[in-house]
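J.: Next comes the structure file structure_38.cif, holding mmCIF, C-alpha atoms and all ligand atoms.
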```cif
data_start
#
loop_
_atom_site.label_atom_id
_atom_site.label_comp_id
_atom_site.auth_asym_id
_atom_site.auth_seq_id
_atom_site.Cartn_x
_atom_site.Cartn_y
_atom_site.Cartn_z
CA MET Y 1 -4.27 -21.67 10.58
CA LYS Y 2 -1.99 -20.40 13.35
CA LEU Y 3 -3.10 -17.28 15.21
CA ILE Y 4 -0.03 -15.52 16.56
CA ASP Y 5 -0.38 -12.39 18.66
CA ASN Y 6 3.10 -11.95 20.05
CA ILE Y 7 6.55 -11.27 18.63
CA ALA Y 8 8.44 -14.14 20.30
CA ASP Y 9 5.97 -16.78 19.02
CA MET Y 10 6.07 -15.32 15.50
CA LYS Y 11 9.88 -15.41 15.47
CA SER Y 12 10.08 -18.99 16.68
CA TYR Y 13 7.36 -20.12 14.22
CA SER Y 14 9.35 -18.59 11.33
CA ASP Y 15 12.64 -20.03 12.64
CA ARG Y 16 11.09 -23.50 12.66
CA ILE Y 17 9.64 -23.15 9.13
CA ARG Y 18 13.02 -21.95 7.84
CA ALA Y 19 14.91 -24.73 9.65
CA GLU Y 20 12.64 -27.25 7.90
CA GLY Y 21 13.80 -25.79 4.58
CA ASN Y 22 10.46 -24.19 3.71
CA LYS Y 23 9.94 -20.80 2.06
CA ILE Y 24 7.82 -18.12 3.72
CA SER Y 25 5.80 -15.54 1.83
CA PHE Y 26 4.43 -12.57 3.71
CA VAL Y 27 1.68 -10.03 3.14
CA PRO Y 28 1.66 -7.13 5.62
CA THR Y 29 -1.77 -5.48 5.97
CA MET Y 30 -3.66 -3.14 8.24
CA GLY Y 31 -6.72 -5.43 8.10
CA ALA Y 32 -10.16 -4.43 6.75
CA LEU Y 33 -9.38 -6.97 4.06
CA HIS Y 34 -11.08 -6.62 0.67
CA THR Y 35 -10.94 -8.53 -2.62
CA GLY Y 36 -7.77 -6.63 -3.58
CA HIS Y 37 -5.96 -7.94 -0.50
CA LEU Y 38 -7.33 -11.43 -1.02
CA LYS Y 39 -6.01 -11.63 -4.60
CA LEU Y 40 -2.60 -10.51 -3.43
CA ILE Y 41 -2.65 -13.03 -0.57
CA LYS Y 42 -3.64 -15.85 -2.97
CA ASN Y 43 -0.63 -14.88 -5.11
CA ALA Y 44 1.61 -15.03 -2.01
CA ASN Y 45 0.12 -18.39 -1.04
CA ASN Y 46 0.95 -19.83 -4.47
CA ILE Y 47 4.62 -18.87 -4.51
CA SER Y 48 5.71 -20.36 -1.18
CA ASP Y 49 5.31 -23.27 1.22
CA ILE Y 50 4.01 -21.11 4.05
CA CYS Y 51 2.05 -17.86 3.81
CA VAL Y 52 1.91 -15.39 6.71
CA VAL Y 53 -0.38 -12.35 6.78
CA SER Y 54 0.03 -9.62 9.38
CA ILE Y 55 -2.73 -7.36 10.58
CA PHE Y 56 -1.50 -4.27 12.38
CA ILE Y 57 -2.78 -0.72 12.13
CA ASN Y 58 0.44 1.20 12.37
CA PRO Y 59 0.03 4.53 14.18
CA ALA Y 60 3.47 5.72 13.03
CA GLN Y 61 2.26 6.12 9.44
CA PHE Y 62 -0.77 8.29 10.30
CA GLY Y 63 -0.46 12.03 10.76
CA PRO Y 64 -1.97 13.64 13.89
CA THR Y 65 -5.11 14.73 11.98
CA GLU Y 66 -5.49 11.53 9.94
CA ASP Y 67 -7.89 8.61 10.31
CA PHE Y 68 -5.97 6.27 12.68
CA ASN Y 69 -8.84 6.17 15.17
CA LYS Y 70 -11.58 5.61 12.64
CA TYR Y 71 -9.61 3.25 10.35
CA PRO Y 72 -11.93 0.22 9.79
CA ARG Y 73 -11.21 -2.66 12.19
CA ASP Y 74 -12.85 -6.11 12.08
CA LEU Y 75 -10.33 -8.73 13.17
CA ASP Y 76 -12.88 -11.57 13.37
CA LYS Y 77 -14.08 -10.96 9.82
CA ASP Y 78 -10.48 -10.75 8.58
CA LYS Y 79 -9.59 -14.02 10.33
CA GLY Y 80 -12.58 -15.73 8.67
CA LEU Y 81 -11.55 -14.51 5.21
CA LEU Y 82 -7.95 -15.63 5.70
CA LYS Y 83 -9.06 -19.05 6.95
CA GLU Y 84 -11.16 -19.49 3.81
CA ILE Y 85 -8.18 -18.72 1.58
CA GLY Y 86 -6.02 -21.11 3.57
CA VAL Y 87 -3.15 -18.95 4.81
CA ASP Y 88 -0.86 -20.68 7.30
CA ALA Y 89 -0.52 -17.99 9.96
CA ILE Y 90 -1.90 -14.61 10.94
CA PHE Y 91 0.31 -12.32 12.98
CA PHE Y 92 -1.61 -9.59 14.84
CA PRO Y 93 0.71 -8.04 17.39
CA LYS Y 94 -0.35 -5.59 20.07
CA LEU Y 95 0.43 -1.90 19.72
CA GLU Y 96 2.40 -1.79 22.99
CA ASP Y 97 4.57 -4.72 21.87
CA MET Y 98 5.45 -3.17 18.51
CA TYR Y 99 6.10 0.30 19.92
CA GLY Y 100 7.33 -0.27 23.46
CA ASP Y 101 8.47 2.31 25.97
CA HIS Y 102 10.49 5.17 24.48
CA PHE Y 103 10.51 3.72 20.96
CA GLN Y 104 12.93 5.96 19.07
CA THR Y 105 14.43 4.13 16.08
CA TYR Y 106 13.10 4.90 12.62
CA VAL Y 107 14.08 4.19 9.01
CA GLU Y 108 13.83 6.84 6.29
CA VAL Y 109 14.23 6.43 2.54
CA GLU Y 110 15.30 10.00 2.13
CA GLU Y 111 14.52 10.95 -1.47
CA LEU Y 112 11.72 8.57 -2.44
CA GLN Y 113 9.68 9.58 0.60
CA LYS Y 114 9.52 13.23 -0.51
CA PRO Y 115 7.34 13.58 -3.66
CA LEU Y 116 3.64 12.77 -4.24
CA CYS Y 117 2.03 11.51 -1.00
CA GLY Y 118 5.18 12.42 0.93
CA LYS Y 119 4.52 16.13 0.31
CA LEU Y 120 1.09 15.94 1.90
CA ARG Y 121 1.72 13.29 4.53
CA PRO Y 122 4.98 14.23 6.23
CA GLY Y 123 6.37 11.29 8.19
CA HIS Y 124 4.08 8.76 6.49
CA PHE Y 125 6.77 6.80 4.63
CA LYS Y 126 9.10 6.93 7.62
CA GLY Y 127 6.32 5.17 9.55
CA VAL Y 128 5.74 2.68 6.73
CA ALA Y 129 9.44 1.84 6.23
CA THR Y 130 9.94 1.42 9.98
CA ILE Y 131 7.01 -0.93 10.53
CA VAL Y 132 7.80 -2.96 7.40
CA LEU Y 133 11.41 -3.41 8.50
CA LYS Y 134 10.25 -4.46 11.98
CA LEU Y 135 7.77 -6.92 10.46
CA PHE Y 136 10.45 -8.35 8.16
CA ASN Y 137 12.72 -8.88 11.18
CA ILE Y 138 9.96 -10.66 13.07
CA VAL Y 139 8.33 -12.70 10.26
CA LYS Y 140 11.62 -13.39 8.41
CA PRO Y 141 9.97 -13.93 5.02
CA HIS Y 142 11.69 -15.02 1.81
CA TYR Y 143 9.09 -13.12 -0.24
CA ALA Y 144 6.87 -10.15 0.60
CA VAL Y 145 3.98 -9.09 -1.61
CA PHE Y 146 2.79 -5.46 -1.90
CA GLY Y 147 0.01 -3.95 -4.03
CA GLU Y 148 0.79 -1.46 -6.78
CA LYS Y 149 -2.02 0.87 -5.70
CA ASP Y 150 0.39 2.15 -3.07
CA TYR Y 151 3.04 2.59 -5.75
CA GLN Y 152 5.23 5.02 -3.82
CA GLN Y 153 5.14 2.71 -0.80
CA LEU Y 154 6.27 -0.15 -3.04
CA GLN Y 155 9.23 1.88 -4.36
CA VAL Y 156 10.17 3.02 -0.84
CA ILE Y 157 10.20 -0.58 0.38
CA LYS Y 158 12.16 -1.86 -2.62
CA LYS Y 159 14.78 0.82 -2.03
CA MET Y 160 14.99 0.09 1.70
CA VAL Y 161 15.46 -3.62 0.95
CA CYS Y 162 18.22 -2.82 -1.54
CA ASP Y 163 19.98 -0.16 0.54
CA LEU Y 164 19.90 -2.19 3.77
CA ASN Y 165 20.77 -5.52 2.06
CA LEU Y 166 17.68 -7.28 3.35
CA ASP Y 167 17.18 -10.89 2.26
CA VAL Y 168 13.58 -10.47 1.10
CA ASP Y 169 12.29 -10.60 -2.48
CA ILE Y 170 9.70 -7.89 -2.99
CA ILE Y 171 6.90 -8.93 -5.31
CA SER Y 172 4.39 -6.43 -6.62
CA HIS Y 173 0.77 -7.17 -7.40
CA PRO Y 174 -1.28 -5.19 -9.96
CA ILE Y 175 -4.04 -2.88 -8.76
CA VAL Y 176 -7.32 -4.70 -8.29
CA ARG Y 177 -10.27 -2.62 -9.52
CA GLU Y 178 -14.00 -2.79 -9.00
CA GLN Y 179 -16.06 -3.17 -12.19
CA SER Y 180 -16.51 0.61 -12.21
CA GLY Y 181 -12.73 1.06 -12.40
CA LEU Y 182 -12.43 2.27 -8.78
CA ALA Y 183 -9.22 0.92 -7.24
CA MET Y 184 -10.01 -1.31 -4.27
CA SER Y 185 -9.05 0.18 -0.93
CA SER Y 186 -10.05 -0.26 2.70
CA ARG Y 187 -10.88 3.46 2.71
CA ASN Y 188 -13.63 2.86 0.08
CA ASP Y 189 -15.62 1.66 3.12
CA TYR Y 190 -16.01 5.33 4.08
CA LEU Y 191 -17.86 6.14 0.82
CA ASP Y 192 -21.62 6.05 0.34
CA SER Y 193 -23.04 5.02 -3.06
CA GLY Y 194 -23.10 8.59 -4.44
CA GLN Y 195 -19.51 9.17 -3.41
CA ARG Y 196 -18.47 5.84 -4.93
CA GLU Y 197 -19.96 6.93 -8.24
CA LYS Y 198 -18.02 10.19 -8.07
CA ALA Y 199 -14.86 8.30 -7.10
CA CYS Y 200 -14.95 6.37 -10.41
CA SER Y 201 -13.94 9.54 -12.20
CA ILE Y 202 -10.49 9.20 -10.59
CA SER Y 203 -9.70 6.02 -12.51
CA GLN Y 204 -11.50 7.39 -15.60
CA ALA Y 205 -9.16 10.37 -15.56
CA LEU Y 206 -6.16 8.02 -15.43
CA PHE Y 207 -7.50 5.78 -18.22
CA ASN Y 208 -8.06 8.93 -20.31
CA ILE Y 209 -4.42 9.97 -19.88
CA LYS Y 210 -3.23 6.50 -20.88
CA GLN Y 211 -5.47 6.57 -24.00
CA GLN Y 212 -4.10 9.95 -25.03
CA PHE Y 213 -0.52 8.82 -24.42
CA ASP Y 214 -1.17 5.74 -26.58
CA THR Y 215 -2.19 8.05 -29.45
CA GLY Y 216 1.20 9.79 -29.25
CA ILE Y 217 0.58 12.76 -26.92
CA THR Y 218 3.48 13.13 -24.51
CA ASP Y 219 3.30 16.72 -23.23
CA ARG Y 220 2.44 16.67 -19.52
CA ASN Y 221 0.09 19.64 -19.58
CA ASN Y 222 -1.82 18.37 -22.61
CA LEU Y 223 -2.16 14.95 -21.02
CA LEU Y 224 -3.37 16.31 -17.69
CA ASP Y 225 -5.82 18.93 -19.05
CA SER Y 226 -8.61 16.58 -20.09
CA ALA Y 227 -8.10 14.48 -16.95
CA TYR Y 228 -8.71 17.63 -14.89
CA SER Y 229 -11.93 18.28 -16.86
CA ILE Y 230 -13.18 14.75 -16.08
CA LEU Y 231 -12.45 15.31 -12.38
CA ASN Y 232 -13.98 18.78 -12.32
CA LYS Y 233 -17.11 17.55 -14.10
CA ALA Y 234 -17.52 14.92 -11.37
CA ASN Y 235 -17.08 17.68 -8.75
CA ILE Y 236 -13.88 16.22 -7.39
CA ASP Y 237 -12.42 19.52 -6.40
CA GLU Y 238 -9.88 18.45 -3.82
CA ILE Y 239 -7.14 17.05 -6.03
CA GLU Y 240 -4.03 16.83 -3.84
CA TYR Y 241 -1.84 15.93 -6.80
CA LEU Y 242 -2.09 14.62 -10.33
CA GLU Y 243 1.40 14.06 -11.69
CA ILE Y 244 3.40 12.21 -14.29
CA VAL Y 245 6.60 10.88 -12.77
CA ASP Y 246 9.45 8.57 -13.63
CA GLY Y 247 8.35 5.02 -12.65
CA LYS Y 248 11.42 4.34 -10.51
CA ASN Y 249 12.61 7.59 -8.92
CA LEU Y 250 9.21 9.32 -8.94
CA ILE Y 251 10.72 12.49 -10.41
CA GLU Y 252 8.25 14.77 -12.23
CA LYS Y 253 8.32 14.63 -16.04
CA LYS Y 254 7.39 17.39 -18.51
CA LEU Y 255 7.37 14.88 -21.38
CA ALA Y 256 5.91 11.46 -20.62
CA GLY Y 257 7.54 8.24 -21.79
CA PRO Y 258 6.76 4.51 -21.63
CA GLY Y 259 7.00 3.13 -18.08
CA ASP Y 260 6.26 6.51 -16.48
CA LEU Y 261 3.65 6.63 -13.78
CA VAL Y 262 0.58 8.83 -13.60
CA ALA Y 263 -0.33 9.18 -9.94
CA ILE Y 264 -3.26 10.90 -8.27
CA ALA Y 265 -4.48 11.61 -4.76
CA ALA Y 266 -7.86 13.21 -4.28
CA ARG Y 267 -10.19 13.82 -1.40
CA LEU Y 268 -13.87 13.13 -1.60
CA ASP Y 269 -15.73 14.73 1.29
CA GLY Y 270 -12.72 14.06 3.53
CA THR Y 271 -11.91 10.54 2.29
CA ARG Y 272 -8.47 10.41 0.74
CA LEU Y 273 -8.17 8.15 -2.30
CA ILE Y 274 -5.07 7.36 -4.36
CA ASP Y 275 -4.67 5.63 -7.71
CA ASN Y 276 -2.12 5.33 -10.50
CA ILE Y 277 -1.48 3.91 -13.95
CA ARG Y 278 1.72 3.06 -15.83
CA LEU Y 279 2.15 4.54 -19.32
O1 LIG D 301 -0.18 -0.92 2.76
C1 LIG D 301 -0.47 -1.06 3.96
O2 LIG D 301 -1.54 -1.60 4.34
C2 LIG D 301 0.49 -0.56 5.04
O3 LIG D 301 1.10 0.62 4.65
C3 LIG D 301 1.53 -1.61 5.47
C4 LIG D 301 2.44 -2.00 4.32
C5 LIG D 301 0.82 -2.84 5.99
C6 LIG D 301 2.41 -1.05 6.59
O4 LIG D 301 1.66 -0.71 7.71
#
```
Before we go any further, please render this structure as structure tokens.

T.:
Amino acid sequence: MKLIDNIADMKSYSDRIRAEGNKISFVPTMGALHTGHLKLIKNANNISDICVVSIFINPAQFGPTEDFNKYPRDLDKDKGLLKEIGVDAIFFPKLEDMYGDHFQTYVEVEELQKPLCGKLRPGHFKGVATIVLKLFNIVKPHYAVFGEKDYQQLQVIKKMVCDLNLDVDIISHPIVREQSGLAMSSRNDYLDSGQREKACSISQALFNIKQQFDTGITDRNNLLDSAYSILNKANIDEIEYLEIVDGKNLIEKKLAGPGDLVAIAARLDGTRLIDNIRL
């Protein structure tokens, strides 16, 4: 497994792999790898000759009051996990190399960045799109795999790739859940066992909406009402949003239809959790 910590070496590694006629798959991460990441990385490993994983905690996607400083970091543990899976290279650039002096060029996906998380995290998707574009330019992958838990991020990236004519196939990977239903996330590390139990009600609320939809209920308010009761009963009182949106443009729907997305963001004693389900 190659350990690459600088941009020039990453570029020349990818150039060589490409010149040899091999396909590169890429999984960008911010580290603190969990089973969800590992499943996605195994998928990436299977579809290409060479699999590259990046680990970079991107300050540009965190707001000034968000958890950039306390975001979980354990590079040695992550390296061990990736070695076990058998990825070909890990790219872990330094902050000062990715955002050098007077960095001032950003990418924005103007409409898709606005709803859902975009309303509460101004600048977040600008930071995500910018770092992902930079990573694509450095790693030069044929395929890049993203998890569906960050559904809005996935749509933002797909749109950027389409609008900017990038030569990367974006592959999505289904949400990986714990047995309790809780969607796996690096931020679950912040939760103690009581909070984890409470957090399960987030996925329960989504499953409840899907069950109701499957019985023929399509009115947004009817669908959301019992989900709110599940969340309130579990004392999840900080619901940032719970919405039914079109699965592609993320536009709010009054009447739900097949393929729509139910998306939620909630805070549990300060920890922000997101989840979603397709109808
Ligand atoms: O999903 C993430 O972990 C990050 O948003 C990403 C795609 C690695 C960009 O920093």

J.: Name the residues, by chain letter and number, that sit within 6 Å of ligand LIG 301 (chain D) using all atoms listed in the file, and give them as a ChimeraX atom specification.

T.: /Y:28-30,58,128,132

J.: In terms of the shortest atom-to-atom distance over all atoms listed in the file, which of Y:Asp15, Y:Ser201, Y:Tyr151, Y:Ala183 is closest to Leu116 of chain Y?

T.: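 The closest residue to Leu116 of chain Y is Y:Tyr151.
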
J.: For Leu135 of chain Y, which residue out of Y:Ile202, Y:Met98, Y:Ile50, Y:Met184 is the nearest one, using only C-alpha atoms?

T.: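 For Leu135 of chain Y, the nearest of the given residues is Y:Met98.
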
J.: Could you check the closest approach to Glu110 of chain Y for each of Y:Gly86, Y:Gly123, Y:Gly257, Y:Pro72 and tell me which residue wins, using only C-alpha atoms?

T.: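 Answer, going by the shortest atom-to-atom distance: Y:Gly123.
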
J.: Tyr228 of chain Y: which residues within 12 Å, counting only C-alpha atoms, same-chain residues fewer than 2 positions away excluded, as a ChimeraX atom specification?

T.: /Y:201-206,208-209,221-226,230-239,241-243,264,266

J.: When you look at segment 139-148 of chain Y with a cut-off of 6 Å (counting all atoms listed in the file), what residues show up, excluding the ones that are within fewer than 3 positions of it in the same chain? I need them as a list in words.

T.: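 Here the qualifying residues turn out to be Ile24, Ser25, Phe26, Val27, Leu135, Phe136, Tyr151, Val168, Asp169, Ile170, Ile171, Ser172, His173, Pro174 and Ile175 of chain Y.
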